[in-house]
file model.csv (CSV, C-alpha atoms)
chain,number,residue,atom,x,y,z
A,1238,MET,CA,142.8,-65.3,21.2
A,1239,MET,CA,140.2,-62.7,20.4
A,1240,PRO,CA,141.7,-59.2,20.8
A,1241,LEU,CA,140.9,-57.4,24.1
A,1242,GLU,CA,139.1,-54.6,22.2
A,1243,HIS,CA,136.7,-57.1,20.7
A,1244,TRP,CA,135.8,-58.5,24.2
A,1245,LEU,CA,135.1,-54.9,25.4
A,1246,ALA,CA,133.1,-54.1,22.3
A,1247,GLY,CA,131.0,-57.2,23.1
A,1248,ALA,CA,130.6,-56.0,26.7
A,1249,ILE,CA,129.3,-52.6,25.4
A,1250,LEU,CA,126.7,-54.4,23.2
A,1251,ALA,CA,125.7,-56.7,26.0
A,1252,SER,CA,125.2,-53.7,28.3
A,1253,LEU,CA,123.2,-51.9,25.7
A,1254,THR,CA,121.0,-55.0,25.3
A,1255,ALA,CA,120.4,-55.1,29.1
A,1256,TYR,CA,119.5,-51.4,29.1
A,1257,VAL,CA,117.0,-51.8,26.3
A,1258,LEU,CA,115.3,-54.8,27.9
A,1259,GLY,CA,115.1,-53.2,31.3
A,1260,ALA,CA,115.1,-49.4,31.1
A,1261,GLY,CA,113.6,-49.6,27.6
A,1262,ALA,CA,110.5,-51.3,29.0
A,1263,ASP,CA,110.4,-48.7,31.8
A,1264,PHE,CA,110.3,-45.9,29.1
A,1265,GLY,CA,107.6,-47.9,27.3
A,1266,GLY,CA,105.6,-48.0,30.6
A,1267,GLY,CA,105.8,-44.2,30.6
A,1268,VAL,CA,104.5,-44.1,27.1
A,1269,TRP,CA,101.5,-46.1,28.1
A,1270,ASP,CA,101.1,-43.9,31.2
A,1271,LEU,CA,100.8,-41.0,28.7
A,1272,LEU,CA,98.3,-42.9,26.6
A,1273,ALA,CA,96.2,-44.4,29.4
A,1274,PHE,CA,92.5,-43.8,28.7
A,1275,GLY,CA,89.1,-45.2,29.5
A,1276,PRO,CA,87.4,-46.1,32.8
A,1277,ARG,CA,90.6,-48.0,33.9
A,1278,ALA,CA,93.1,-45.3,33.1
A,1279,ARG,CA,93.9,-44.7,36.8
A,1280,ALA,CA,94.3,-48.4,37.3
A,1281,GLN,CA,96.5,-48.7,34.3
A,1282,ARG,CA,98.8,-46.0,35.6
A,1283,THR,CA,98.9,-47.5,39.1
A,1284,LEU,CA,99.9,-50.9,37.6
A,1285,ILE,CA,102.7,-49.2,35.6
A,1286,ALA,CA,104.0,-47.5,38.7
A,1287,HIS,CA,104.0,-50.7,40.7
A,1288,ALA,CA,105.7,-52.6,38.0
A,1289,ILE,CA,108.5,-50.0,37.5
A,1290,GLY,CA,108.9,-48.9,41.1
A,1291,PRO,CA,111.2,-51.5,42.6
A,1292,ILE,CA,113.7,-51.7,39.7
A,1293,TRP,CA,113.7,-48.5,37.6
A,1294,GLU,CA,116.8,-47.0,39.2
A,1295,ALA,CA,118.8,-50.2,38.9
A,1296,ASN,CA,118.3,-50.4,35.1
A,1297,HIS,CA,120.4,-47.3,34.5
A,1298,VAL,CA,123.5,-49.2,35.8
A,1299,TRP,CA,123.8,-50.5,32.2
A,1300,LEU,CA,123.9,-47.1,30.6
A,1301,ILE,CA,126.5,-46.0,33.1
A,1302,LEU,CA,128.6,-49.0,32.2
A,1303,VAL,CA,128.3,-48.3,28.5
A,1304,VAL,CA,129.6,-44.7,29.0
A,1305,VAL,CA,132.4,-45.8,31.3
A,1306,LEU,CA,133.6,-48.5,28.9
A,1307,LEU,CA,133.5,-46.1,26.0
A,1308,PHE,CA,135.4,-43.4,27.9
A,1309,VAL,CA,138.1,-45.7,29.2
A,1310,ALA,CA,138.5,-48.4,26.6
A,1311,PHE,CA,137.7,-46.4,23.4
A,1312,PRO,CA,138.6,-42.7,24.2
A,1313,THR,CA,138.9,-41.5,20.6
A,1314,GLY,CA,135.5,-42.9,19.8
A,1315,PHE,CA,134.0,-41.5,23.0
A,1316,ALA,CA,135.4,-38.0,22.2
A,1317,LEU,CA,134.0,-38.1,18.7
A,1318,LEU,CA,130.6,-39.4,19.7
A,1319,MET,CA,130.2,-37.0,22.6
A,1320,THR,CA,131.1,-34.1,20.3
A,1321,ALA,CA,129.0,-35.0,17.3
A,1322,LEU,CA,125.9,-36.0,19.3
A,1323,HIS,CA,126.1,-33.6,22.3
A,1324,VAL,CA,122.7,-32.0,21.3
A,1325,PRO,CA,120.6,-35.2,21.3
A,1326,LEU,CA,122.6,-36.7,24.2
A,1327,THR,CA,121.8,-33.6,26.3
A,1328,PHE,CA,118.1,-34.0,25.5
A,1329,MET,CA,118.4,-37.6,26.5
A,1330,LEU,CA,120.1,-36.9,29.8
A,1331,VAL,CA,117.7,-34.1,30.7
A,1332,GLY,CA,114.8,-36.4,29.9
A,1333,ILE,CA,116.2,-39.2,32.1
A,1334,VAL,CA,116.6,-36.7,35.0
A,1335,LEU,CA,113.2,-35.2,34.6
A,1336,ARG,CA,111.6,-38.6,34.2
A,1337,GLY,CA,113.2,-40.0,37.4
A,1338,SER,CA,112.5,-36.9,39.4
A,1339,ALA,CA,108.9,-36.7,38.3
A,1340,PHE,CA,108.3,-40.4,39.0
A,1341,THR,CA,109.7,-40.0,42.5
A,1342,PHE,CA,107.7,-36.8,43.3
A,1343,ARG,CA,104.5,-38.4,42.0
A,1344,SER,CA,105.0,-41.6,43.9
A,1345,TYR,CA,106.3,-40.4,47.2
A,1346,GLY,CA,105.6,-36.7,47.6
A,1347,ARG,CA,102.9,-35.5,49.9
A,1348,VAL,CA,101.1,-33.3,47.3
A,1349,SER,CA,97.6,-32.7,46.0
A,1350,ASP,CA,96.1,-34.9,43.3
A,1351,ALA,CA,96.5,-32.0,40.9
A,1352,ARG,CA,100.2,-31.7,41.6
A,1353,GLN,CA,100.6,-35.4,41.2
A,1354,GLU,CA,98.9,-35.3,37.8
A,1355,GLN,CA,101.4,-32.6,36.8
A,1356,TRP,CA,104.3,-34.7,37.8
A,1357,GLY,CA,102.7,-37.6,36.0
A,1358,ARG,CA,102.6,-35.7,32.8
A,1359,VAL,CA,106.2,-34.7,33.1
A,1360,PHE,CA,107.1,-38.4,33.7
A,1361,ALA,CA,105.1,-39.6,30.7
A,1362,VAL,CA,106.3,-36.9,28.2
A,1363,ALA,CA,109.9,-37.5,29.3
A,1364,SER,CA,109.4,-41.2,28.8
A,1365,LEU,CA,108.2,-40.5,25.2
A,1366,LEU,CA,110.9,-38.0,24.2
A,1367,THR,CA,114.0,-39.7,25.9
A,1368,PRO,CA,113.9,-42.9,23.8
A,1369,ILE,CA,113.5,-40.8,20.7
A,1370,ALA,CA,116.7,-39.0,21.5
A,1371,LEU,CA,118.4,-42.3,22.2
A,1372,GLY,CA,117.2,-43.7,18.9
A,1373,VAL,CA,118.4,-40.5,17.1
A,1374,CYS,CA,121.9,-41.1,18.5
A,1375,VAL,CA,121.9,-44.8,17.4
A,1376,GLY,CA,120.5,-43.9,13.9
A,1377,THR,CA,123.1,-41.1,13.5
A,1378,ILE,CA,125.9,-43.5,14.3
A,1379,ALA,CA,124.5,-46.2,12.0
A,1380,SER,CA,124.0,-43.7,9.1
A,1381,GLY,CA,127.7,-43.0,8.8
A,1382,ALA,CA,127.1,-39.3,8.9
A,1383,ILE,CA,129.7,-38.7,11.6
A,1384,ARG,CA,132.9,-38.1,9.6
A,1385,THR,CA,136.4,-37.5,10.9
A,1386,ARG,CA,139.5,-35.8,9.5
A,1387,ASP,CA,142.8,-36.2,11.2
A,1388,GLY,CA,141.0,-37.5,14.3
A,1389,ARG,CA,138.6,-34.6,14.5
A,1390,LEU,CA,135.0,-34.1,13.7
A,1391,ALA,CA,134.7,-33.0,10.1
A,1392,VAL,CA,131.0,-32.2,10.0
A,1393,GLY,CA,128.7,-29.8,11.9
A,1394,PHE,CA,126.9,-30.5,15.1
A,1395,PHE,CA,123.5,-30.6,13.5
A,1396,GLU,CA,124.0,-32.0,10.0
A,1397,THR,CA,124.9,-35.4,11.5
A,1398,TRP,CA,121.6,-36.1,13.3
A,1399,ALA,CA,119.1,-33.6,11.9
A,1400,ALA,CA,118.0,-36.0,9.1
A,1401,PRO,CA,115.0,-38.3,8.5
A,1402,PHE,CA,116.7,-41.6,9.2
A,1403,PRO,CA,117.9,-40.9,12.8
A,1404,PHE,CA,114.4,-39.8,13.7
A,1405,VAL,CA,112.7,-42.8,12.2
A,1406,VAL,CA,115.1,-44.9,14.3
A,1407,GLY,CA,114.0,-42.8,17.3
A,1408,LEU,CA,110.4,-43.7,16.5
A,1409,LEU,CA,111.4,-47.4,16.2
A,1410,ALA,CA,113.0,-47.2,19.7
A,1411,VAL,CA,109.7,-45.7,21.1
A,1412,ALA,CA,107.6,-48.4,19.4
A,1413,LEU,CA,109.9,-51.2,20.5
A,1414,PHE,CA,110.0,-50.0,24.1
A,1415,ALA,CA,106.2,-49.6,24.2
A,1416,PHE,CA,105.9,-53.1,22.9
A,1417,LEU,CA,108.2,-54.6,25.5
A,1418,ALA,CA,106.4,-52.7,28.3
A,1419,ALA,CA,102.9,-53.9,27.1
A,1420,VAL,CA,104.1,-57.5,27.0
A,1421,TYR,CA,105.7,-57.3,30.4
A,1422,LEU,CA,102.6,-55.7,31.9
A,1423,THR,CA,100.3,-58.5,30.9
A,1424,LEU,CA,102.2,-60.6,33.5
A,1425,GLU,CA,102.1,-57.9,36.2
A,1426,THR,CA,98.4,-58.1,37.1
A,1427,ASP,CA,95.7,-60.5,38.3
A,1428,ASP,CA,93.0,-58.3,36.9
A,1429,PRO,CA,91.7,-59.9,33.6
A,1430,ALA,CA,90.4,-56.5,32.4
A,1431,LEU,CA,93.8,-54.8,32.9
A,1432,CYS,CA,95.5,-57.8,31.3
A,1433,ASP,CA,93.3,-57.4,28.3
A,1434,ASP,CA,94.1,-53.7,28.1
A,1435,PHE,CA,97.8,-54.3,27.8
A,1436,ARG,CA,97.2,-57.3,25.5
A,1437,ALA,CA,95.5,-55.0,23.1
A,1438,ARG,CA,98.3,-52.5,23.4
A,1439,ALA,CA,101.0,-55.2,22.9
A,1440,LEU,CA,99.3,-56.3,19.7
A,1441,ALA,CA,98.9,-52.8,18.3
A,1442,SER,CA,102.5,-51.7,19.2
A,1443,GLY,CA,103.9,-55.0,17.9
A,1444,VAL,CA,102.4,-54.2,14.5
A,1445,VAL,CA,103.7,-50.6,14.7
A,1446,VAL,CA,107.2,-51.9,15.4
A,1447,GLY,CA,107.1,-53.9,12.2
A,1448,LEU,CA,105.8,-51.0,10.1
A,1449,VAL,CA,108.4,-48.6,11.5
A,1450,ALA,CA,111.2,-51.2,11.1
A,1451,PHE,CA,110.3,-51.5,7.4
A,1452,ALA,CA,110.3,-47.7,7.0
A,1453,ALA,CA,113.7,-47.5,8.6
A,1454,LEU,CA,115.1,-50.2,6.4
A,1455,ALA,CA,113.7,-48.5,3.3
A,1456,LEU,CA,115.3,-45.2,4.4
A,1457,ALA,CA,118.6,-46.9,5.2
A,1458,ARG,CA,119.1,-47.8,1.6
A,1459,ARG,CA,119.5,-44.1,0.8
A,1460,ASP,CA,120.5,-42.5,4.1
A,1461,ALA,CA,122.6,-45.3,5.7
A,1462,PRO,CA,124.0,-47.3,2.8
A,1463,GLY,CA,126.7,-49.0,4.9
A,1464,LEU,CA,124.1,-50.3,7.4
A,1465,TYR,CA,121.8,-51.4,4.6
A,1466,SER,CA,124.6,-53.3,2.9
A,1467,GLY,CA,125.5,-55.0,6.2
A,1468,LEU,CA,121.9,-55.9,6.8
A,1469,ALA,CA,121.2,-57.1,3.3
A,1470,ALA,CA,124.4,-58.6,2.0
A,1471,ARG,CA,126.8,-59.4,4.8
A,1472,SER,CA,127.3,-63.1,5.7
A,1473,GLY,CA,124.9,-64.0,8.4
A,1474,ALA,CA,122.6,-61.0,7.8
A,1475,LEU,CA,119.8,-63.1,6.4
A,1476,LEU,CA,120.0,-65.3,9.5
A,1477,PHE,CA,119.5,-62.3,11.7
A,1478,GLN,CA,116.6,-61.1,9.7
A,1479,ALA,CA,114.9,-64.5,9.7
A,1480,ALA,CA,115.4,-64.9,13.4
A,1481,THR,CA,114.2,-61.4,14.2
A,1482,GLY,CA,111.1,-61.8,12.0
A,1483,SER,CA,110.3,-65.2,13.5
A,1484,CYS,CA,110.5,-63.9,17.0
A,1485,ALA,CA,108.3,-60.9,16.1
A,1486,VAL,CA,105.6,-63.0,14.5
A,1487,GLY,CA,105.9,-65.6,17.3
A,1488,ALA,CA,105.5,-62.9,19.9
A,1489,LEU,CA,102.3,-61.6,18.3
A,1490,ALA,CA,100.9,-65.1,17.9
A,1491,ALA,CA,101.6,-65.9,21.6
A,1492,ILE,CA,100.0,-62.6,22.7
A,1493,TRP,CA,96.9,-63.4,20.5
A,1494,GLN,CA,96.7,-66.9,22.1
A,1495,ARG,CA,97.2,-65.4,25.6
A,1496,ARG,CA,100.5,-67.2,26.2
A,1497,PHE,CA,102.0,-64.2,27.8
A,1498,ALA,CA,105.1,-65.9,29.4
A,1499,ALA,CA,106.1,-67.2,25.9
A,1500,ALA,CA,105.3,-63.8,24.4
A,1501,ARG,CA,107.7,-62.2,26.9
A,1502,VAL,CA,110.6,-64.5,25.9
A,1503,LEU,CA,110.0,-63.9,22.2
A,1504,ALA,CA,109.7,-60.2,22.6
A,1505,ILE,CA,113.0,-60.1,24.6
A,1506,ALA,CA,114.6,-62.1,21.8
A,1507,GLN,CA,113.2,-59.8,19.1
A,1508,ALA,CA,114.5,-56.7,20.8
A,1509,ALA,CA,117.9,-58.2,21.4
A,1510,LEU,CA,118.2,-59.4,17.8
A,1511,VAL,CA,117.3,-55.9,16.5
A,1512,LEU,CA,120.2,-54.5,18.5
A,1513,TRP,CA,122.6,-57.3,17.7
A,1514,GLY,CA,121.7,-57.0,14.0
A,1515,TRP,CA,122.8,-53.3,14.1
A,1516,GLY,CA,126.1,-54.2,15.7
A,1517,TRP,CA,126.7,-57.1,13.3
A,1518,ALA,CA,125.9,-54.9,10.3
A,1519,GLN,CA,128.4,-52.1,11.2
A,1520,TRP,CA,131.2,-54.3,12.6
A,1521,PRO,CA,134.2,-53.6,13.0
A,1522,TYR,CA,133.4,-49.9,13.1
A,1523,LEU,CA,132.6,-48.0,16.3
A,1524,VAL,CA,131.8,-44.9,14.2
A,1525,PRO,CA,131.4,-45.9,10.6
A,1526,PRO,CA,132.9,-45.4,8.1
A,1527,ASP,CA,136.1,-43.9,9.5
A,1528,LEU,CA,136.8,-45.2,13.0
A,1529,THR,CA,137.1,-48.9,13.9
A,1530,PHE,CA,137.2,-50.3,17.4
A,1531,GLU,CA,140.9,-51.1,17.0
A,1532,ALA,CA,141.8,-47.6,15.8
A,1533,SER,CA,139.9,-46.1,18.8
A,1534,ALA,CA,141.1,-48.5,21.5
A,1535,ALA,CA,143.2,-47.5,24.4
A,1536,PRO,CA,146.6,-49.2,25.0
A,1537,GLN,CA,146.5,-52.9,25.6
A,1538,ALA,CA,147.6,-52.5,29.2
A,1539,VAL,CA,144.6,-50.3,29.9
A,1540,LEU,CA,142.3,-52.7,28.1
A,1541,GLY,CA,143.5,-55.6,30.1
A,1542,LEU,CA,142.9,-53.8,33.4
A,1543,VAL,CA,139.5,-52.7,32.2
A,1544,LEU,CA,138.5,-56.2,31.3
A,1545,ALA,CA,139.7,-57.5,34.7
A,1546,ALA,CA,137.7,-54.9,36.5
A,1547,LEU,CA,134.7,-55.7,34.4
A,1548,VAL,CA,134.8,-59.3,35.3
A,1549,ALA,CA,135.3,-58.6,39.0
A,1550,GLY,CA,132.5,-56.1,39.0
A,1551,GLY,CA,130.2,-58.5,37.1
A,1552,LEU,CA,130.7,-61.1,39.8
A,1553,LEU,CA,129.1,-58.6,42.2
A,1554,LEU,CA,126.7,-56.8,40.0
A,1555,VAL,CA,125.0,-59.7,38.1
A,1556,PRO,CA,124.1,-61.8,41.2
A,1557,SER,CA,122.8,-58.6,43.0
A,1558,LEU,CA,120.5,-57.8,40.0
A,1559,VAL,CA,119.3,-61.4,39.8
A,1560,TYR,CA,118.4,-61.3,43.5
A,1561,LEU,CA,116.7,-58.0,43.0
A,1562,PHE,CA,114.5,-59.3,40.2
A,1563,ARG,CA,113.8,-62.6,42.1
A,1564,VAL,CA,112.6,-60.6,45.1
A,1565,PHE,CA,110.2,-58.3,43.1
A,1566,LYS,CA,109.5,-60.2,39.9
A,1567,ALA,CA,109.8,-63.9,40.8
A,1568,ALA,CA,106.1,-64.9,40.7
A,1569,PRO,CA,104.4,-64.2,37.4
A,1570,HIS,CA,100.7,-64.0,37.5
A,1571,HIS,CA,99.9,-65.9,34.3
call {"tool": "encode", "arguments": {"input": "model.csv", "output": "structure tokens"}}
result
Amino acid sequence: MMPLEHWLAGAILASLTAYVLGAGADFGGGVWDLLAFGPRARAQRTLIAHAIGPIWEANHVWLILVVVLLFVAFPTGFALLMTALHVPLTFMLVGIVLRGSAFTFRSYGRVSDARQEQWGRVFAVASLLTPIALGVCVGTIASGAIRTRDGRLAVGFFETWAAPFPFVVGLLAVALFAFLAAVYLTLETDDPALCDDFRARALASGVVVGLVAFAALALARRDAPGLYSGLAARSGALLFQAATGSCAVGALAAIWQRRFAAARVLAIAQAALVLWGWGWAQWPYLVPPDLTFEASAAPQAVLGLVLAALVAGGLLLVPSLVYLFRVFKAAPHH
């Protein structure tokens, strides 16, 4: 049987995937809110708010699940990551709080138009900066810069993440989230003009995703050699690259042909494969190159109880989320 820590590592990756596909698109919607322009700028912002409104809080369930699983199932890794990355993680958490508060105050507060515009700017800027912080954390882990000695952090708080590669990964996260949001939004409106607006944004951001991804891969050769080796030489790596590239090209082609439902499926697959490729490249390390999942895992008795609780909770959580999406997102417009 596969070890319990491997099942729970897979659950963490699955939860991160769900977070990227849900909350990531919400962040991307905030980016397009910031970049709304032209005679339909207000209509664009209204569409984004209506698309995000029913589900944006539920999407953070997945981030909470990731944190809890790390804390309980992999306590050594959790302590190391929270210590090494506490600066970008703090920025990320502050951004999430500011973004959620601003969205609520803008949407439901009885304030003047000027005050709503102020809250809108806070929401949009936080939506841009928060995924950068998230990407910086991922890029830092992937780079192998977090080193340990005798179970303790062996490097400074800033030298791990204050480097070009983590910030390029942060830009990749923003571009990918904006791409997902634009693709999703083409299916959220019956207005052909608004649909065309987000179609153009989807095409542009899809190209940007490809350019930034190539830049990240080029930097990885020097700044994240373990990740680069995993992506370039590991068994199955070429399959991941081919599948991801095919989904990316297919998504752009589907958007160009106005096959928006197909584009959404391909964009989801592309984003998921990017995340899974990272996990595959650095396996079996939770914090490469010093800490594996096995070395960081809690006792087997604890892991068994966590897995049982995860299954029991999933039986409640997953149907509830499916029902939520069916209620608010069941009828695509195209």
call {"tool": "residues_near_point", "arguments": {"input": "model.csv", "point": "(105.4, -32.8, 34.0)", "cutoff": "12 Å", "atoms": "only C-alpha atoms", "output": "VMD selection string"}}
result
chain A and resid 1267 1271 1332 1334 to 1343 1351 to 1364
call {"tool": "closest_residue", "arguments": {"input": "model.csv", "among": "A:Ala1488, A:Ala1430, A:Leu1528, A:Leu1544", "to": "A:Phe1416", "atoms": "only C-alpha atoms"}}
result
A:Ala1488
call {"tool": "closest_residue", "arguments": {"input": "model.csv", "among": "A:Gly1447, A:Gly1388, A:Pro1525, A:Gly1381", "to": "A:Ala1508", "atoms": "only C-alpha atoms"}}
result
A:Gly1447
call {"tool": "closest_residue", "arguments": {"input": "model.csv", "among": "A:Ile1301, A:His1323, A:Val1446, A:Ala1415", "to": "A:Gly1393", "atoms": "only C-alpha atoms"}}
result
A:His1323
call {"tool": "residues_around", "arguments": {"input": "model.csv", "residues": "A:Cys1432", "least_positions_apart": "6", "cutoff": "9 Å", "atoms": "all atoms listed in the file", "output": "PyMOL selection string"}}
result
chain A and resi 1422-1426
call {"tool": "write_last_selection", "arguments": {"input": "model.csv", "atoms": "C-alpha atoms", "output": "CSV table (one decimal), in the coordinates of the input"}}
result
chain,number,residue,atom,x,y,z
A,1422,LEU,CA,102.6,-55.7,31.9
A,1423,THR,CA,100.3,-58.5,30.9
A,1424,LEU,CA,102.2,-60.6,33.5
A,1425,GLU,CA,102.1,-57.9,36.2
A,1426,THR,CA,98.4,-58.1,37.1
call {"tool": "atom_distance", "arguments": {"input": "model.csv", "atom1": "atom CA of A:Ala1310", "atom2": "atom CA of A:Pro1526"}}
result
19.6 Å
call {"tool": "closest_residue", "arguments": {"input": "model.csv", "among": "A:Leu1326, A:Ala1480, A:Val1559, A:Leu1317", "to": "A:Arg1386", "atoms": "all atoms listed in the file"}}
result
A:Leu1317
call {"tool": "atom_distance", "arguments": {"input": "model.csv", "atom1": "atom CA of A:Ala1316", "atom2": "atom CA of A:Ala1461"}}
result
22.1 Å
call {"tool": "atom_distance", "arguments": {"input": "model.csv", "atom1": "atom CA of A:Leu1440", "atom2": "atom CA of A:Ile1492"}}
result
7.0 Å
call {"tool": "closest_residue", "arguments": {"input": "model.csv", "among": "A:Ala1453, A:Ile1285, A:Leu1553, A:Val1411", "to": "A:Gly1266", "atoms": "all atoms listed in the file"}}
result
A:Ile1285
call {"tool": "closest_residue", "arguments": {"input": "model.csv", "among": "A:Thr1385, A:Ser1380, A:Ser1252, A:Asn1296", "to": "A:Leu1561", "atoms": "all atoms listed in the file"}}
result
A:Asn1296
call {"tool": "residues_around", "arguments": {"input": "model.csv", "residues": "A:Arg1458", "least_positions_apart": "5", "cutoff": "12 Å", "atoms": "all atoms listed in the file", "output": "PDB file with C-alpha atoms, in the coordinates of the input"}}
result
ATOM      1  CA  ALA A1379     124.500 -46.200  12.000  1.00  0.00           C
ATOM      2  CA  SER A1380     124.000 -43.700   9.100  1.00  0.00           C
ATOM      3  CA  PHE A1402     116.700 -41.600   9.200  1.00  0.00           C
ATOM      4  CA  PHE A1451     110.300 -51.500   7.400  1.00  0.00           C
ATOM      5  CA  ALA A1452     110.300 -47.700   7.000  1.00  0.00           C
ATOM      6  CA  ALA A1453     113.700 -47.500   8.600  1.00  0.00           C
ATOM      7  CA  GLY A1463     126.700 -49.000   4.900  1.00  0.00           C
ATOM      8  CA  LEU A1464     124.100 -50.300   7.400  1.00  0.00           C
ATOM      9  CA  TYR A1465     121.800 -51.400   4.600  1.00  0.00           C
ATOM     10  CA  SER A1466     124.600 -53.300   2.900  1.00  0.00           C
ATOM     11  CA  GLY A1467     125.500 -55.000   6.200  1.00  0.00           C
ATOM     12  CA  LEU A1468     121.900 -55.900   6.800  1.00  0.00           C
ATOM     13  CA  ALA A1469     121.200 -57.100   3.300  1.00  0.00           C
TER      14      ALA A1469
END
call {"tool": "residues_around", "arguments": {"input": "model.csv", "residues": "A:Gly1482", "least_positions_apart": "5", "cutoff": "9 Å", "atoms": "all atoms listed in the file", "output": "ChimeraX atom specification"}}
result
/A:1447,1477,1487,1507
call {"tool": "write_last_selection", "arguments": {"input": "model.csv", "atoms": "C-alpha atoms", "output": "PDB file, in the frame of the given file"}}
result
ATOM      1  CA  GLY A1447     107.100 -53.900  12.200  1.00  0.00           C
ATOM      2  CA  PHE A1477     119.500 -62.300  11.700  1.00  0.00           C
ATOM      3  CA  GLY A1487     105.900 -65.600  17.300  1.00  0.00           C
ATOM      4  CA  GLN A1507     113.200 -59.800  19.100  1.00  0.00           C
TER       5      GLN A1507
END
call {"tool": "residues_around", "arguments": {"input": "model.csv", "residues": "A:Glu1294", "least_positions_apart": "4", "cutoff": "10 Å", "atoms": "all atoms listed in the file", "output": "PyMOL selection string"}}
result
chain A and resi 1260+1263+1289-1290+1298+1337
call {"tool": "build_atoms", "arguments": {"input": "model.csv", "residues": "stretch 1483-1496 of chain A", "atoms": "N, CA and C atoms", "output": "PDB file, in the frame of the given file"}}
result
ATOM      1  N   SER A1483     110.966 -64.073  12.825  1.00  0.00           N
ATOM      2  CA  SER A1483     110.300 -65.200  13.500  1.00  0.00           C
ATOM      3  C   SER A1483     109.903 -64.894  14.893  1.00  0.00           C
ATOM      4  N   CYS A1484     110.804 -64.241  15.615  1.00  0.00           N
ATOM      5  CA  CYS A1484     110.500 -63.900  17.000  1.00  0.00           C
ATOM      6  C   CYS A1484     109.353 -62.855  17.053  1.00  0.00           C
ATOM      7  N   ALA A1485     109.344 -61.904  16.096  1.00  0.00           N
ATOM      8  CA  ALA A1485     108.300 -60.900  16.100  1.00  0.00           C
ATOM      9  C   ALA A1485     106.930 -61.523  15.813  1.00  0.00           C
ATOM     10  N   VAL A1486     106.871 -62.382  14.795  1.00  0.00           N
ATOM     11  CA  VAL A1486     105.600 -63.000  14.500  1.00  0.00           C
ATOM     12  C   VAL A1486     105.195 -63.977  15.610  1.00  0.00           C
ATOM     13  N   GLY A1487     106.166 -64.696  16.158  1.00  0.00           N
ATOM     14  CA  GLY A1487     105.900 -65.600  17.300  1.00  0.00           C
ATOM     15  C   GLY A1487     105.356 -64.880  18.488  1.00  0.00           C
ATOM     16  N   ALA A1488     105.932 -63.709  18.774  1.00  0.00           N
ATOM     17  CA  ALA A1488     105.500 -62.900  19.900  1.00  0.00           C
ATOM     18  C   ALA A1488     104.034 -62.483  19.747  1.00  0.00           C
ATOM     19  N   LEU A1489     103.699 -61.985  18.558  1.00  0.00           N
ATOM     20  CA  LEU A1489     102.300 -61.600  18.300  1.00  0.00           C
ATOM     21  C   LEU A1489     101.358 -62.734  18.373  1.00  0.00           C
ATOM     22  N   ALA A1490     101.773 -63.879  17.849  1.00  0.00           N
ATOM     23  CA  ALA A1490     100.900 -65.100  17.900  1.00  0.00           C
ATOM     24  C   ALA A1490     100.698 -65.502  19.355  1.00  0.00           C
ATOM     25  N   ALA A1491     101.756 -65.456  20.154  1.00  0.00           N
ATOM     26  CA  ALA A1491     101.600 -65.900  21.600  1.00  0.00           C
ATOM     27  C   ALA A1491     100.735 -64.886  22.328  1.00  0.00           C
ATOM     28  N   ILE A1492     100.845 -63.598  22.023  1.00  0.00           N
ATOM     29  CA  ILE A1492     100.000 -62.600  22.700  1.00  0.00           C
ATOM     30  C   ILE A1492      98.513 -62.883  22.291  1.00  0.00           C
ATOM     31  N   TRP A1493      98.289 -63.124  21.012  1.00  0.00           N
ATOM     32  CA  TRP A1493      96.900 -63.400  20.500  1.00  0.00           C
ATOM     33  C   TRP A1493      96.340 -64.611  21.244  1.00  0.00           C
ATOM     34  N   GLN A1494      97.168 -65.626  21.486  1.00  0.00           N
ATOM     35  CA  GLN A1494      96.700 -66.900  22.100  1.00  0.00           C
ATOM     36  C   GLN A1494      96.778 -66.770  23.663  1.00  0.00           C
ATOM     37  N   ARG A1495      97.127 -65.600  24.185  1.00  0.00           N
ATOM     38  CA  ARG A1495      97.200 -65.400  25.600  1.00  0.00           C
ATOM     39  C   ARG A1495      98.283 -66.203  26.299  1.00  0.00           C
ATOM     40  N   ARG A1496      99.307 -66.541  25.592  1.00  0.00           N
ATOM     41  CA  ARG A1496     100.500 -67.200  26.200  1.00  0.00           C
ATOM     42  C   ARG A1496     101.500 -66.166  26.497  1.00  0.00           C
TER      43      ARG A1496
END
